[in-house]
$ cat run13.csv   # CSV, C-alpha atoms
chain,number,residue,atom,x,y,z
F,1,MET,CA,23.8,46.4,47.9
F,2,ALA,CA,22.7,43.9,45.2
F,3,LYS,CA,19.5,44.8,43.4
F,4,HIS,CA,17.5,43.1,40.7
F,5,ASP,CA,14.0,42.5,39.6
F,6,ILE,CA,12.3,39.9,41.8
F,7,PRO,CA,9.2,38.0,40.7
F,8,ALA,CA,6.4,37.7,43.1
F,9,GLU,CA,6.4,34.5,45.2
F,10,PRO,CA,3.8,32.0,44.1
F,11,GLY,CA,0.7,32.6,46.1
F,12,SER,CA,2.0,35.8,47.5
F,13,ALA,CA,-0.4,38.6,48.4
F,14,SER,CA,1.7,41.4,47.0
F,15,PRO,CA,-0.3,44.6,46.2
F,16,ALA,CA,0.8,44.6,42.6
F,17,ALA,CA,-0.3,41.0,42.0
F,18,ALA,CA,-3.6,41.7,43.8
F,19,GLY,CA,-4.3,44.8,41.7
F,20,SER,CA,-4.0,47.3,44.7
F,21,ALA,CA,-3.9,50.9,43.8
F,22,SER,CA,-0.4,51.7,45.1
F,23,PRO,CA,2.2,50.5,47.7
F,24,ALA,CA,1.2,53.5,49.8
F,25,ALA,CA,-2.4,52.5,49.8
F,26,ALA,CA,-1.4,48.9,50.6
F,27,ALA,CA,0.7,50.1,53.5
F,28,ALA,CA,-2.2,52.1,54.9
F,29,VAL,CA,-4.5,49.1,54.7
F,30,ALA,CA,-1.9,46.9,56.3
F,31,GLU,CA,-1.3,49.3,59.2
F,32,SER,CA,-5.0,49.5,60.0
F,33,ALA,CA,-5.0,45.7,60.2
F,34,LEU,CA,-1.9,45.2,62.3
F,35,PRO,CA,-2.6,43.3,65.5
F,36,LEU,CA,-1.9,45.2,68.8
F,37,ASP,CA,-2.1,48.6,67.0
F,38,ASP,CA,-4.6,49.7,69.6
F,39,ARG,CA,-1.9,49.3,72.3
F,40,ILE,CA,1.2,50.1,70.3
F,41,ASP,CA,1.9,53.6,71.8
F,42,LYS,CA,1.7,52.2,75.3
F,43,LEU,CA,3.9,49.2,74.3
F,44,ARG,CA,6.6,51.4,72.6
F,45,ARG,CA,6.8,53.6,75.7
F,46,GLN,CA,8.0,50.5,77.6
F,47,PHE,CA,11.2,50.4,75.4
F,48,PRO,CA,13.1,53.7,75.6
F,49,ILE,CA,15.4,52.9,72.7
F,50,LEU,CA,12.5,53.2,70.3
F,51,SER,CA,12.2,56.9,71.0
F,52,ARG,CA,15.7,57.4,69.7
F,53,LYS,CA,16.4,54.6,67.3
F,54,THR,CA,14.7,52.6,64.6
F,55,TYR,CA,15.5,49.3,66.3
F,56,LEU,CA,15.2,46.2,64.0
F,57,ASN,CA,17.7,43.9,65.7
F,58,SER,CA,15.6,41.8,68.0
F,59,ASN,CA,17.0,38.6,66.4
F,60,SER,CA,20.3,39.6,68.2
F,61,LEU,CA,19.1,41.3,71.3
F,62,GLY,CA,15.6,42.3,72.3
F,63,ALA,CA,15.1,45.9,73.4
F,64,LEU,CA,15.4,46.6,77.1
F,65,SER,CA,12.1,47.5,78.7
F,66,LEU,CA,11.4,49.8,81.7
F,67,ARG,CA,9.8,46.8,83.3
F,68,SER,CA,13.0,44.9,83.2
F,69,VAL,CA,14.9,47.9,84.6
F,70,GLU,CA,12.3,48.1,87.5
F,71,GLU,CA,12.6,44.4,88.1
F,72,ARG,CA,16.4,44.6,88.3
F,73,ARG,CA,16.2,47.6,90.6
F,74,ARG,CA,13.9,45.5,92.8
F,75,PHE,CA,16.5,42.8,93.0
F,76,GLU,CA,19.2,45.3,94.0
F,77,ASP,CA,16.9,46.9,96.6
F,78,LEU,CA,16.2,43.5,98.2
F,79,TRP,CA,20.0,42.8,98.2
F,80,HIS,CA,20.6,46.1,100.0
F,81,GLU,CA,17.8,45.6,102.5
F,82,MET,CA,17.9,41.8,103.2
F,83,GLY,CA,21.3,40.5,102.2
F,84,ALA,CA,21.4,36.7,102.0
F,85,ALA,CA,17.9,36.4,103.6
F,86,ALA,CA,16.4,37.5,100.3
F,87,TRP,CA,17.5,34.1,98.8
F,88,TYR,CA,15.2,32.0,100.9
F,89,GLU,CA,12.2,34.3,101.2
F,90,ILE,CA,12.1,35.9,97.8
F,91,TRP,CA,14.8,35.1,95.2
F,92,VAL,CA,14.0,31.3,95.0
F,93,ALA,CA,10.4,32.2,94.3
F,94,LYS,CA,11.5,34.6,91.5
F,95,LEU,CA,13.4,31.7,89.9
F,96,GLU,CA,10.3,29.6,90.0
F,97,GLU,CA,8.3,32.5,88.5
F,98,VAL,CA,10.7,32.7,85.6
F,99,ARG,CA,10.5,28.9,85.0
F,100,GLU,CA,6.8,29.3,84.8
F,101,GLN,CA,7.1,32.2,82.4
F,102,PHE,CA,9.4,30.4,80.1
F,103,GLY,CA,7.0,27.4,80.2
F,104,ARG,CA,4.1,29.6,79.2
F,105,THR,CA,5.9,30.8,76.1
F,106,ILE,CA,6.1,27.2,74.8
F,107,LYS,CA,2.8,25.9,76.4
F,108,ALA,CA,4.7,23.8,78.9
F,109,GLU,CA,4.5,23.4,82.7
F,110,ALA,CA,7.1,25.0,85.0
F,111,ASP,CA,8.3,21.6,86.2
F,112,THR,CA,9.5,20.8,82.6
F,113,ILE,CA,11.8,23.8,82.6
F,114,ALA,CA,15.4,24.0,83.9
F,115,LEU,CA,17.1,27.4,84.1
F,116,MET,CA,20.4,27.6,82.3
F,117,SER,CA,23.1,30.2,81.8
F,118,SER,CA,23.3,29.5,78.1
F,119,VAL,CA,22.3,27.0,75.3
F,120,SER,CA,25.9,25.7,75.4
F,121,ALA,CA,25.3,24.6,79.1
F,122,ALA,CA,22.0,23.0,78.2
F,123,VAL,CA,23.5,21.1,75.2
F,124,SER,CA,26.4,19.9,77.4
F,125,VAL,CA,24.2,18.5,80.2
F,126,VAL,CA,21.8,16.9,77.7
F,127,TRP,CA,24.5,15.2,75.8
F,128,GLY,CA,26.1,13.9,78.9
F,129,ALA,CA,22.9,12.2,79.9
F,130,ILE,CA,22.2,10.8,76.5
F,131,ALA,CA,25.8,9.5,76.0
F,132,ALA,CA,25.8,7.8,79.4
F,133,SER,CA,22.4,6.1,78.8
F,134,LEU,CA,23.4,4.8,75.3
F,135,ARG,CA,26.9,3.7,76.1
F,136,GLY,CA,27.6,0.3,74.5
F,137,THR,CA,24.4,0.4,72.3
F,138,GLY,CA,26.2,1.4,69.1
F,139,ARG,CA,24.4,4.7,68.9
F,140,ASP,CA,27.5,6.9,68.6
F,141,LYS,CA,26.3,9.5,66.1
F,142,VAL,CA,24.8,13.0,66.3
F,143,VAL,CA,23.1,14.7,63.3
F,144,LEU,CA,23.2,18.5,62.8
F,145,THR,CA,22.7,20.8,59.8
F,146,GLU,CA,25.2,23.3,58.4
F,147,LEU,CA,22.7,26.1,59.0
F,148,ASP,CA,22.5,25.5,62.8
F,149,PHE,CA,24.0,28.0,65.2
F,150,PRO,CA,27.8,27.2,65.6
F,151,THR,CA,27.6,26.7,69.4
F,152,VAL,CA,25.7,23.5,68.9
F,153,GLY,CA,28.2,22.2,66.4
F,154,HIS,CA,31.2,23.2,68.5
F,155,HIS,CA,30.0,21.1,71.4
F,156,PHE,CA,29.6,18.0,69.4
F,157,LEU,CA,32.7,18.4,67.3
F,158,SER,CA,34.6,18.6,70.6
F,159,GLN,CA,33.4,15.1,71.4
F,160,ARG,CA,34.8,13.4,68.3
F,161,ALA,CA,37.9,12.5,70.3
F,162,ASN,CA,35.6,10.4,72.4
F,163,GLY,CA,34.4,8.4,69.5
F,164,LEU,CA,31.4,10.5,68.5
F,165,GLU,CA,30.5,10.7,64.8
F,166,VAL,CA,29.1,14.1,63.9
F,167,LYS,CA,27.0,14.2,60.7
F,168,ILE,CA,26.4,17.7,59.4
F,169,VAL,CA,23.7,17.7,56.7
F,170,PRO,CA,24.4,20.3,54.0
F,171,SER,CA,22.1,22.9,52.7
F,172,PRO,CA,21.6,23.2,48.9
F,173,ASP,CA,21.0,26.9,49.0
F,174,GLY,CA,22.1,28.4,52.3
F,175,ILE,CA,18.4,28.9,53.2
F,176,HIS,CA,16.9,25.5,54.0
F,177,VAL,CA,17.8,21.9,54.6
F,178,PRO,CA,15.6,19.4,52.9
F,179,LEU,CA,13.7,17.1,55.3
F,180,GLU,CA,14.6,14.1,53.1
F,181,SER,CA,18.3,14.9,53.5
F,182,ILE,CA,17.9,14.9,57.3
F,183,ARG,CA,15.8,11.7,57.2
F,184,ALA,CA,18.6,10.0,55.2
F,185,ALA,CA,21.2,11.0,57.7
F,186,VAL,CA,19.3,9.8,60.8
F,187,ASP,CA,19.7,6.1,61.2
F,188,GLU,CA,20.0,3.2,63.7
F,189,ARG,CA,23.3,4.6,64.9
F,190,THR,CA,21.9,8.1,65.6
F,191,ALA,CA,21.7,9.1,69.3
F,192,LEU,CA,20.5,12.6,68.8
F,193,LEU,CA,19.2,14.9,66.1
F,194,ALA,CA,20.0,18.5,67.2
F,195,THR,CA,18.8,21.3,65.0
F,196,SER,CA,17.2,24.7,64.8
F,197,HIS,CA,13.5,25.7,64.7
F,198,VAL,CA,14.4,28.9,62.8
F,199,PHE,CA,17.8,29.2,61.1
F,200,PHE,CA,19.7,32.3,62.2
F,201,THR,CA,21.1,33.1,58.7
F,202,SER,CA,18.0,32.6,56.6
F,203,GLY,CA,15.0,33.0,58.9
F,204,ASN,CA,13.7,29.7,57.5
F,205,THR,CA,11.4,27.8,59.8
F,206,GLN,CA,11.8,24.1,60.0
F,207,ASP,CA,8.9,21.6,60.4
F,208,ALA,CA,9.6,20.7,64.1
F,209,ALA,CA,6.9,18.1,64.2
F,210,GLU,CA,8.3,16.3,61.2
F,211,LEU,CA,11.8,16.5,62.6
F,212,THR,CA,10.6,14.9,65.8
F,213,ARG,CA,9.0,12.1,63.8
F,214,ILE,CA,12.2,11.5,61.9
F,215,ALA,CA,14.2,11.3,65.1
F,216,HIS,CA,11.8,9.1,67.0
F,217,ASP,CA,11.2,6.7,64.0
F,218,ALA,CA,14.9,6.0,64.1
F,219,GLY,CA,14.9,5.5,67.9
F,220,ALA,CA,16.9,8.7,68.5
F,221,PHE,CA,16.3,11.7,70.7
F,222,ILE,CA,15.7,15.2,69.4
F,223,LEU,CA,16.9,18.6,70.7
F,224,LEU,CA,15.3,21.6,69.1
F,225,ASP,CA,17.1,25.0,69.3
F,226,ALA,CA,14.3,27.5,69.6
F,227,TYR,CA,16.4,30.6,70.4
F,228,GLN,CA,15.4,32.3,67.1
F,229,SER,CA,11.8,31.2,67.3
F,230,ASN,CA,10.7,31.5,70.9
F,231,GLY,CA,8.9,34.9,71.3
F,232,GLN,CA,8.2,35.5,67.6
F,233,LEU,CA,6.4,32.2,66.8
F,234,ALA,CA,3.8,30.3,68.8
F,235,ILE,CA,5.3,27.0,70.1
F,236,ASP,CA,3.5,24.1,71.7
F,237,ALA,CA,6.3,21.9,73.0
F,238,GLY,CA,4.0,19.2,74.2
F,239,ALA,CA,2.2,18.9,70.8
F,240,LEU,CA,5.5,18.8,69.0
F,241,GLY,CA,6.7,15.9,71.2
F,242,VAL,CA,10.3,17.1,71.2
F,243,ASP,CA,12.5,15.5,73.9
F,244,PHE,CA,14.5,18.6,74.6
F,245,LEU,CA,13.9,22.3,73.6
F,246,VAL,CA,16.3,25.1,74.4
F,247,GLY,CA,15.9,28.8,74.2
F,248,GLY,CA,16.5,32.0,76.2
F,249,ALA,CA,15.5,35.5,77.1
F,250,LEU,CA,18.2,37.3,75.1
F,251,LYS,CA,16.4,37.8,71.8
F,252,TRP,CA,12.7,37.8,71.0
F,253,LEU,CA,11.7,37.4,74.7
F,254,CYS,CA,13.3,40.8,75.5
F,255,GLY,CA,14.8,39.6,78.8
F,256,GLY,CA,18.5,40.2,78.3
F,257,PRO,CA,21.6,38.0,78.4
F,258,GLY,CA,22.5,35.3,80.9
F,259,MET,CA,19.2,33.5,81.3
F,260,ALA,CA,18.4,30.5,79.0
F,261,TYR,CA,16.3,27.4,79.7
F,262,LEU,CA,16.0,23.7,78.9
F,263,HIS,CA,12.6,22.1,78.4
F,264,VAL,CA,12.6,18.4,79.1
F,265,ASN,CA,9.7,16.3,77.9
F,266,PRO,CA,8.2,14.6,81.0
F,267,GLY,CA,8.5,11.3,79.2
F,268,VAL,CA,12.3,11.5,79.0
F,269,ARG,CA,13.7,9.2,81.7
F,270,LEU,CA,17.3,10.3,81.7
F,271,ASP,CA,19.4,11.6,84.6
F,272,PRO,CA,22.3,14.0,84.1
F,273,VAL,CA,25.8,12.8,84.8
F,274,THR,CA,26.6,16.2,86.3
F,275,LEU,CA,24.4,16.8,89.3
F,276,SER,CA,24.3,20.1,91.1
F,277,TRP,CA,23.0,21.5,94.3
F,278,PHE,CA,19.9,22.8,92.6
F,279,GLY,CA,19.4,19.5,90.8
F,280,VAL,CA,18.9,17.3,93.9
F,281,GLU,CA,15.6,16.4,95.5
F,282,ASN,CA,16.3,17.8,99.0
F,283,GLN,CA,18.7,20.7,98.3
F,284,PHE,CA,18.0,22.6,101.5
F,285,LEU,CA,19.0,19.6,103.7
F,286,PHE,CA,22.6,20.4,102.6
F,287,ASP,CA,23.5,16.7,102.8
F,288,ILE,CA,26.7,16.0,100.9
F,289,ARG,CA,25.9,12.3,100.9
F,290,ASP,CA,22.5,12.6,99.3
F,291,ALA,CA,22.6,12.9,95.5
F,292,THR,CA,19.1,11.9,94.7
F,293,PRO,CA,18.1,13.8,91.5
F,294,ARG,CA,14.9,15.7,91.3
F,295,ALA,CA,12.1,14.0,89.4
F,296,ASP,CA,11.4,17.2,87.3
F,297,ALA,CA,13.5,19.0,84.7
F,298,ARG,CA,15.4,20.9,87.4
F,299,ARG,CA,17.6,17.9,87.8
F,300,PHE,CA,19.5,19.2,84.8
F,301,GLU,CA,20.2,22.7,86.3
F,302,LEU,CA,23.9,23.3,86.6
F,303,GLY,CA,24.2,25.1,90.0
F,304,THR,CA,22.6,28.2,91.4
F,305,PRO,CA,20.8,30.3,88.7
F,306,ALA,CA,21.7,34.0,88.5
F,307,ALA,CA,18.9,35.7,90.5
F,308,GLY,CA,19.7,39.2,89.3
F,309,VAL,CA,19.5,38.1,85.7
F,310,ALA,CA,16.2,36.3,86.4
F,311,TYR,CA,14.7,39.5,87.5
F,312,THR,CA,15.7,41.2,84.3
F,313,ALA,CA,14.4,38.3,82.3
F,314,ALA,CA,11.1,38.3,84.2
F,315,GLY,CA,10.4,41.9,83.1
F,316,GLY,CA,10.7,41.2,79.4
F,317,LEU,CA,8.9,37.8,79.6
F,318,SER,CA,6.0,39.4,81.4
F,319,ILE,CA,5.5,41.9,78.5
F,320,VAL,CA,5.6,39.2,75.9
F,321,LEU,CA,3.1,37.1,77.8
F,322,GLU,CA,0.9,40.1,78.4
F,323,TYR,CA,0.6,40.9,74.7
F,324,GLY,CA,0.4,37.3,73.7
F,325,ILE,CA,2.7,35.3,71.5
F,326,ARG,CA,0.0,34.5,68.9
F,327,ALA,CA,-0.8,38.2,68.4
F,328,ILE,CA,2.9,38.9,68.3
F,329,GLN,CA,3.4,36.3,65.6
F,330,GLN,CA,0.6,37.8,63.5
F,331,ARG,CA,2.0,41.3,63.9
F,332,ASN,CA,5.5,40.3,63.2
F,333,ARG,CA,4.5,38.4,60.1
F,334,LEU,CA,2.7,41.4,58.7
F,335,LEU,CA,5.6,43.7,59.5
F,336,ALA,CA,8.1,41.3,58.0
F,337,ASN,CA,6.1,40.9,54.8
F,338,ASP,CA,5.7,44.7,54.5
F,339,LEU,CA,9.5,45.0,54.9
F,340,ARG,CA,10.2,42.3,52.3
F,341,GLU,CA,7.8,44.0,49.9
F,342,ARG,CA,9.4,47.4,50.3
F,343,LEU,CA,12.9,45.9,49.7
F,344,SER,CA,11.7,43.9,46.7
F,345,ASP,CA,10.0,46.9,45.2
F,346,LEU,CA,13.4,48.6,45.2
F,347,GLY,CA,15.1,45.6,43.7
F,348,TYR,CA,17.0,44.2,46.7
F,349,ARG,CA,17.8,40.5,46.6
F,350,LEU,CA,16.3,38.7,49.6
F,351,HIS,CA,17.8,35.6,51.2
F,352,GLN,CA,14.6,33.7,52.0
F,353,ALA,CA,12.6,30.6,51.7
F,354,SER,CA,10.7,30.1,48.4
F,355,ASP,CA,7.7,29.1,50.5
F,356,PRO,CA,6.2,32.2,52.2
F,357,ALA,CA,4.8,29.9,55.0
F,358,ALA,CA,8.4,28.9,56.0
F,359,ARG,CA,9.5,32.5,56.5
F,360,SER,CA,9.9,34.0,60.0
F,361,ALA,CA,10.3,37.6,61.1
F,362,LEU,CA,14.0,37.6,60.1
F,363,VAL,CA,14.4,39.5,56.9
F,364,LEU,CA,17.8,39.1,55.2
F,365,VAL,CA,19.2,41.1,52.3
F,366,GLU,CA,22.1,39.7,50.2
F,367,HIS,CA,25.0,42.2,50.0
F,368,ASP,CA,27.5,42.1,47.2
F,369,GLY,CA,29.8,44.6,49.0
F,370,ASP,CA,30.7,45.2,52.6
F,371,ALA,CA,27.7,44.2,54.8
F,372,ALA,CA,29.4,45.5,57.9
F,373,ALA,CA,29.8,48.9,56.3
F,374,ALA,CA,26.1,48.8,55.4
F,375,VAL,CA,25.2,48.2,59.0
F,376,ARG,CA,27.5,51.1,60.1
F,377,HIS,CA,25.8,53.3,57.5
F,378,LEU,CA,22.4,52.5,58.9
F,379,ALA,CA,23.6,52.9,62.5
F,380,ALA,CA,24.8,56.4,61.6
F,381,ARG,CA,21.2,57.1,60.7
F,382,ASP,CA,19.9,55.6,63.9
F,383,VAL,CA,18.7,52.4,62.3
F,384,VAL,CA,19.9,49.4,64.3
F,385,VAL,CA,20.3,46.1,62.4
F,386,ASP,CA,23.2,43.6,62.1
F,387,HIS,CA,24.8,41.2,59.6
F,388,ARG,CA,26.1,37.7,59.3
F,389,GLY,CA,28.7,37.5,56.5
F,390,PRO,CA,27.3,39.1,53.4
F,391,LEU,CA,23.7,39.2,54.7
F,392,VAL,CA,22.2,42.3,56.4
F,393,ARG,CA,19.6,41.1,58.9
F,394,PHE,CA,16.5,43.0,59.8
F,395,SER,CA,14.1,41.7,62.5
F,396,PRO,CA,10.9,43.6,63.1
F,397,HIS,CA,9.2,42.7,66.4
F,398,PHE,CA,5.9,43.5,68.0
F,399,TYR,CA,7.0,46.9,69.2
F,400,ASN,CA,8.0,48.0,65.7
F,401,THR,CA,5.8,49.8,63.1
F,402,LEU,CA,5.4,50.3,59.4
F,403,GLU,CA,7.1,53.7,59.8
F,404,ASP,CA,10.1,51.9,61.2
F,405,ASN,CA,10.2,49.8,58.1
F,406,GLU,CA,9.9,52.9,55.9
F,407,ARG,CA,12.8,54.6,57.7
F,408,ALA,CA,15.1,51.6,57.5
F,409,VAL,CA,14.5,51.0,53.8
F,410,ALA,CA,15.0,54.7,53.0
F,411,ALA,CA,18.3,54.7,54.9
F,412,LEU,CA,19.4,51.5,53.1
F,413,ALA,CA,18.6,53.0,49.7
F,414,GLU,CA,21.1,55.8,50.3
F,415,ILE,CA,24.0,53.3,49.9

$ encode --input "run13.csv" --output "structure tokens"
Amino acid sequence: MAKHDIPAEPGSASPAAAGSASPAAAAAVAESALPLDDRIDKLRRQFPILSRKTYLNSNSLGALSLRSVEERRRFEDLWHEMGAAAWYEIWVAKLEEVREQFGRTIKAEADTIALMSSVSAAVSVVWGAIAASLRGTGRDKVVLTELDFPTVGHHFLSQRANGLEVKIVPSPDGIHVPLESIRAAVDERTALLATSHVFFTSGNTQDAAELTRIAHDAGAFILLDAYQSNGQLAIDAGALGVDFLVGGALKWLCGGPGMAYLHVNPGVRLDPVTLSWFGVENQFLFDIRDATPRADARRFELGTPAAGVAYTAAGGLSIVLEYGIRAIQQRNRLLANDLRERLSDLGYRLHQASDPAARSALVLVEHDGDAAAAVRHLAARDVVVDHRGPLVRFSPHFYNTLEDNERAVAALAEI
């Protein structure tokens, strides 16, 4: 693991720079100030893995809650008891509940939310609608960045054979992409700017409002990938003005795999080119001749959402909403800053934005050796993290504590 002396960030509130007595004293002060501490024991009991592991991997998979397990058991009990009748009386209502929950996490109404199996599905249906609406206009270009998650790039690269130009804006440091570089790439030929709110390999938070202005000033649509921000950062989709926002339950929302969503701005007047049973206005008329799209975001849904997965997602979402995303963001920021400081004090080289305000709860350590081996070493000591290439990724979430940070750093220091 690479180590060297790291200067304090400009404007940072490091204990040494502030003249605090000691790191231990600073940690004690920080712990007393952590939001949600008065409920942390109750919260941690909801997540059984925390009694056995130091779990700092929510950026890959949120911990499974007892509430999600109970919700899933309720789904199975209904299936046993009612069979298909559960669909009409109960499961359809649960799907609407999950749309409403996802909406609340980004301050959006339920009718702006379409349930999806994955971000890949969401990107596919969005691009189909955009491409059809702009055919013949000369807008045949999509702009991405090299730090976006590959699934977004893979979809658009697969469309080059159909005449799509894909512009991938480079990063000068592997941490951020300058807004001026994105602005220079988005022009009168751009149909869509598709990029991340938080980059998965640096934790850098992009200015979503400015990205939206860049796209709209050029007459282009914007799709914001919020999978790495939703649940750890407060988001107001309406205030941002994004056309499309995608996310899911898998990571910071603690709802497990298989349940993603697409938020569609009510001002977007596009219809999908792939219309499903759940996307038509009168689905329960079962009329094969009627393909009238719904007026709300559900017109983008690609078939019957997975009811069992929705129950699991509902459990995690309900906990996040109960504790409040703004309070979660505040707690996560303090936990992440504490973890960064502990690592910096031991000389580890951090892969992070130079501006502290642009950092999220992803904490990445640059590794000169075998990052996968480092992750295995930590796992053998019941510390769960992951890696991407040479970067070891830690992600403290609202159910973590300063003691978790201490254990993780001590285990890392053994290498």

$ closest_residue --input "run13.csv" --among "F:Met259, F:Ala297, F:Val143, F:Leu343" --to "Asn405 (chain F)" --atoms "all atoms listed in the file"
F:Leu343

$ residues_around --input "run13.csv" --residues "Gly256 (chain F)" --least-positions-apart "2" --cutoff "8 Å" --atoms "only C-alpha atoms" --output "list in words"
Leu61, Gly62, Leu64, Ala249, Leu250, Lys251, Cys254, Gly258, Met259, Val309, Thr312, Ala313 and Gly316 of chain F

$ write_last_selection --input "run13.csv" --atoms "C-alpha atoms" --output "short mmCIF file (atom, residue, chain, number, x, y, z; two decimals), in the frame of the given file"
data_model
loop_
_atom_site.label_atom_id
_atom_site.label_comp_id
_atom_site.auth_asym_id
_atom_site.auth_seq_id
_atom_site.Cartn_x
_atom_site.Cartn_y
_atom_site.Cartn_z
CA LEU F 61 19.10 41.30 71.30
CA GLY F 62 15.60 42.30 72.30
CA LEU F 64 15.40 46.60 77.10
CA ALA F 249 15.50 35.50 77.10
CA LEU F 250 18.20 37.30 75.10
CA LYS F 251 16.40 37.80 71.80
CA CYS F 254 13.30 40.80 75.50
CA GLY F 258 22.50 35.30 80.90
CA MET F 259 19.20 33.50 81.30
CA VAL F 309 19.50 38.10 85.70
CA THR F 312 15.70 41.20 84.30
CA ALA F 313 14.40 38.30 82.30
CA GLY F 316 10.70 41.20 79.40
#

$ atom_distance --input "run13.csv" --atom1 "CA of Ser171 (chain F)" --atom2 "CA of Leu147 (chain F)"
7.1 Å

$ residues_around --input "run13.csv" --residues "region 50-53 of chain F" --least-positions-apart "4" --cutoff "8 Å" --atoms "all atoms listed in the file" --output "list in words"
Arg44, Arg45, Asp382, Val383 and Val384 of chain F

$ atom_distance --input "run13.csv" --atom1 "CA of Ile175 (chain F)" --atom2 "CA of Gly248 (chain F)"
23.3 Å

$ closest_residue --input "run13.csv" --among "F:Ser117, F:Thr201, F:Gln46, F:Thr54" --to "Pro390 (chain F)" --atoms "only C-alpha atoms"
F:Thr201

$ closest_residue --input "run13.csv" --among "F:Ala379, F:Val125, F:Ile106, F:Ala295" --to "Asp236 (chain F)" --atoms "all atoms listed in the file"
F:Ile106

$ residues_around --input "run13.csv" --residues "Ile319 (chain F)" --least-positions-apart "4" --cutoff "12 Å" --atoms "all atoms listed in the file" --output "JSON list (two decimals) with C-alpha atoms, in the frame of the given file"
[["chain", "number", "residue", "atom", "x", "y", "z"],
["F", 42, "LYS", "CA", 1.70, 52.20, 75.30],
["F", 43, "LEU", "CA", 3.90, 49.20, 74.30],
["F", 44, "ARG", "CA", 6.60, 51.40, 72.60],
["F", 46, "GLN", "CA", 8.00, 50.50, 77.60],
["F", 47, "PHE", "CA", 11.20, 50.40, 75.40],
["F", 62, "GLY", "CA", 15.60, 42.30, 72.30],
["F", 63, "ALA", "CA", 15.10, 45.90, 73.40],
["F", 64, "LEU", "CA", 15.40, 46.60, 77.10],
["F", 65, "SER", "CA", 12.10, 47.50, 78.70],
["F", 66, "LEU", "CA", 11.40, 49.80, 81.70],
["F", 67, "ARG", "CA", 9.80, 46.80, 83.30],
["F", 68, "SER", "CA", 13.00, 44.90, 83.20],
["F", 101, "GLN", "CA", 7.10, 32.20, 82.40],
["F", 105, "THR", "CA", 5.90, 30.80, 76.10],
["F", 231, "GLY", "CA", 8.90, 34.90, 71.30],
["F", 249, "ALA", "CA", 15.50, 35.50, 77.10],
["F", 252, "TRP", "CA", 12.70, 37.80, 71.00],
["F", 253, "LEU", "CA", 11.70, 37.40, 74.70],
["F", 254, "CYS", "CA", 13.30, 40.80, 75.50],
["F", 255, "GLY", "CA", 14.80, 39.60, 78.80],
["F", 312, "THR", "CA", 15.70, 41.20, 84.30],
["F", 313, "ALA", "CA", 14.40, 38.30, 82.30],
["F", 314, "ALA", "CA", 11.10, 38.30, 84.20],
["F", 315, "GLY", "CA", 10.40, 41.90, 83.10],
["F", 323, "TYR", "CA", 0.60, 40.90, 74.70],
["F", 324, "GLY", "CA", 0.40, 37.30, 73.70],
["F", 325, "ILE", "CA", 2.70, 35.30, 71.50],
["F", 328, "ILE", "CA", 2.90, 38.90, 68.30],
["F", 398, "PHE", "CA", 5.90, 43.50, 68.00],
["F", 399, "TYR", "CA", 7.00, 46.90, 69.20]]

$ residues_around --input "run13.csv" --residues "Asp271 (chain F)" --least-positions-apart "6" --cutoff "9 Å" --atoms "all atoms listed in the file" --output "list in words"
Ala129, Ile130, Ser133, Pro293, Arg299 and Phe300 of chain F

$ atom_distance --input "run13.csv" --atom1 "CA of Arg349 (chain F)" --atom2 "CA of Val177 (chain F)"
20.2 Å

$ closest_residue --input "run13.csv" --among "F:Val186, F:Val98, F:Leu164, F:Leu144" --to "Leu321 (chain F)" --atoms "all atoms listed in the file"
F:Val98

$ closest_atom_pairs --input "run13.csv" --of "region 291-382 of chain F" --to "region 215-228 of chain F" --cutoff "12 Å" --atoms "only C-alpha atoms" --output "tab-separated table"
residue	atom	partner	partner_atom	distance
F:Ser360	CA	F:Gln228	CA	9.1
F:Ala361	CA	F:Gln228	CA	9.5
F:Leu362	CA	F:Gln228	CA	8.9

$ residues_around --input "run13.csv" --residues "Ile415 (chain F)" --least-positions-apart "6" --cutoff "12 Å" --atoms "only C-alpha atoms" --output "list of chain:residue names"
F:Met1, F:Ala2, F:Lys3, F:Tyr348, F:His367, F:Gly369, F:Asp370, F:Ala371, F:Ala373, F:Ala374, F:Val375, F:Arg376, F:His377, F:Leu378, F:Arg381, F:Ala408, F:Val409

$ write_last_selection --input "run13.csv" --atoms "C-alpha atoms" --output "PDB file, in the coordinates of the input"
ATOM      1  CA  MET F   1      23.800  46.400  47.900  1.00  0.00           C
ATOM      2  CA  ALA F   2      22.700  43.900  45.200  1.00  0.00           C
ATOM      3  CA  LYS F   3      19.500  44.800  43.400  1.00  0.00           C
ATOM      4  CA  TYR F 348      17.000  44.200  46.700  1.00  0.00           C
ATOM      5  CA  HIS F 367      25.000  42.200  50.000  1.00  0.00           C
ATOM      6  CA  GLY F 369      29.800  44.600  49.000  1.00  0.00           C
ATOM      7  CA  ASP F 370      30.700  45.200  52.600  1.00  0.00           C
ATOM      8  CA  ALA F 371      27.700  44.200  54.800  1.00  0.00           C
ATOM      9  CA  ALA F 373      29.800  48.900  56.300  1.00  0.00           C
ATOM     10  CA  ALA F 374      26.100  48.800  55.400  1.00  0.00           C
ATOM     11  CA  VAL F 375      25.200  48.200  59.000  1.00  0.00           C
ATOM     12  CA  ARG F 376      27.500  51.100  60.100  1.00  0.00           C
ATOM     13  CA  HIS F 377      25.800  53.300  57.500  1.00  0.00           C
ATOM     14  CA  LEU F 378      22.400  52.500  58.900  1.00  0.00           C
ATOM     15  CA  ARG F 381      21.200  57.100  60.700  1.00  0.00           C
ATOM     16  CA  ALA F 408      15.100  51.600  57.500  1.00  0.00           C
ATOM     17  CA  VAL F 409      14.500  51.000  53.800  1.00  0.00           C
TER      18      VAL F 409
END
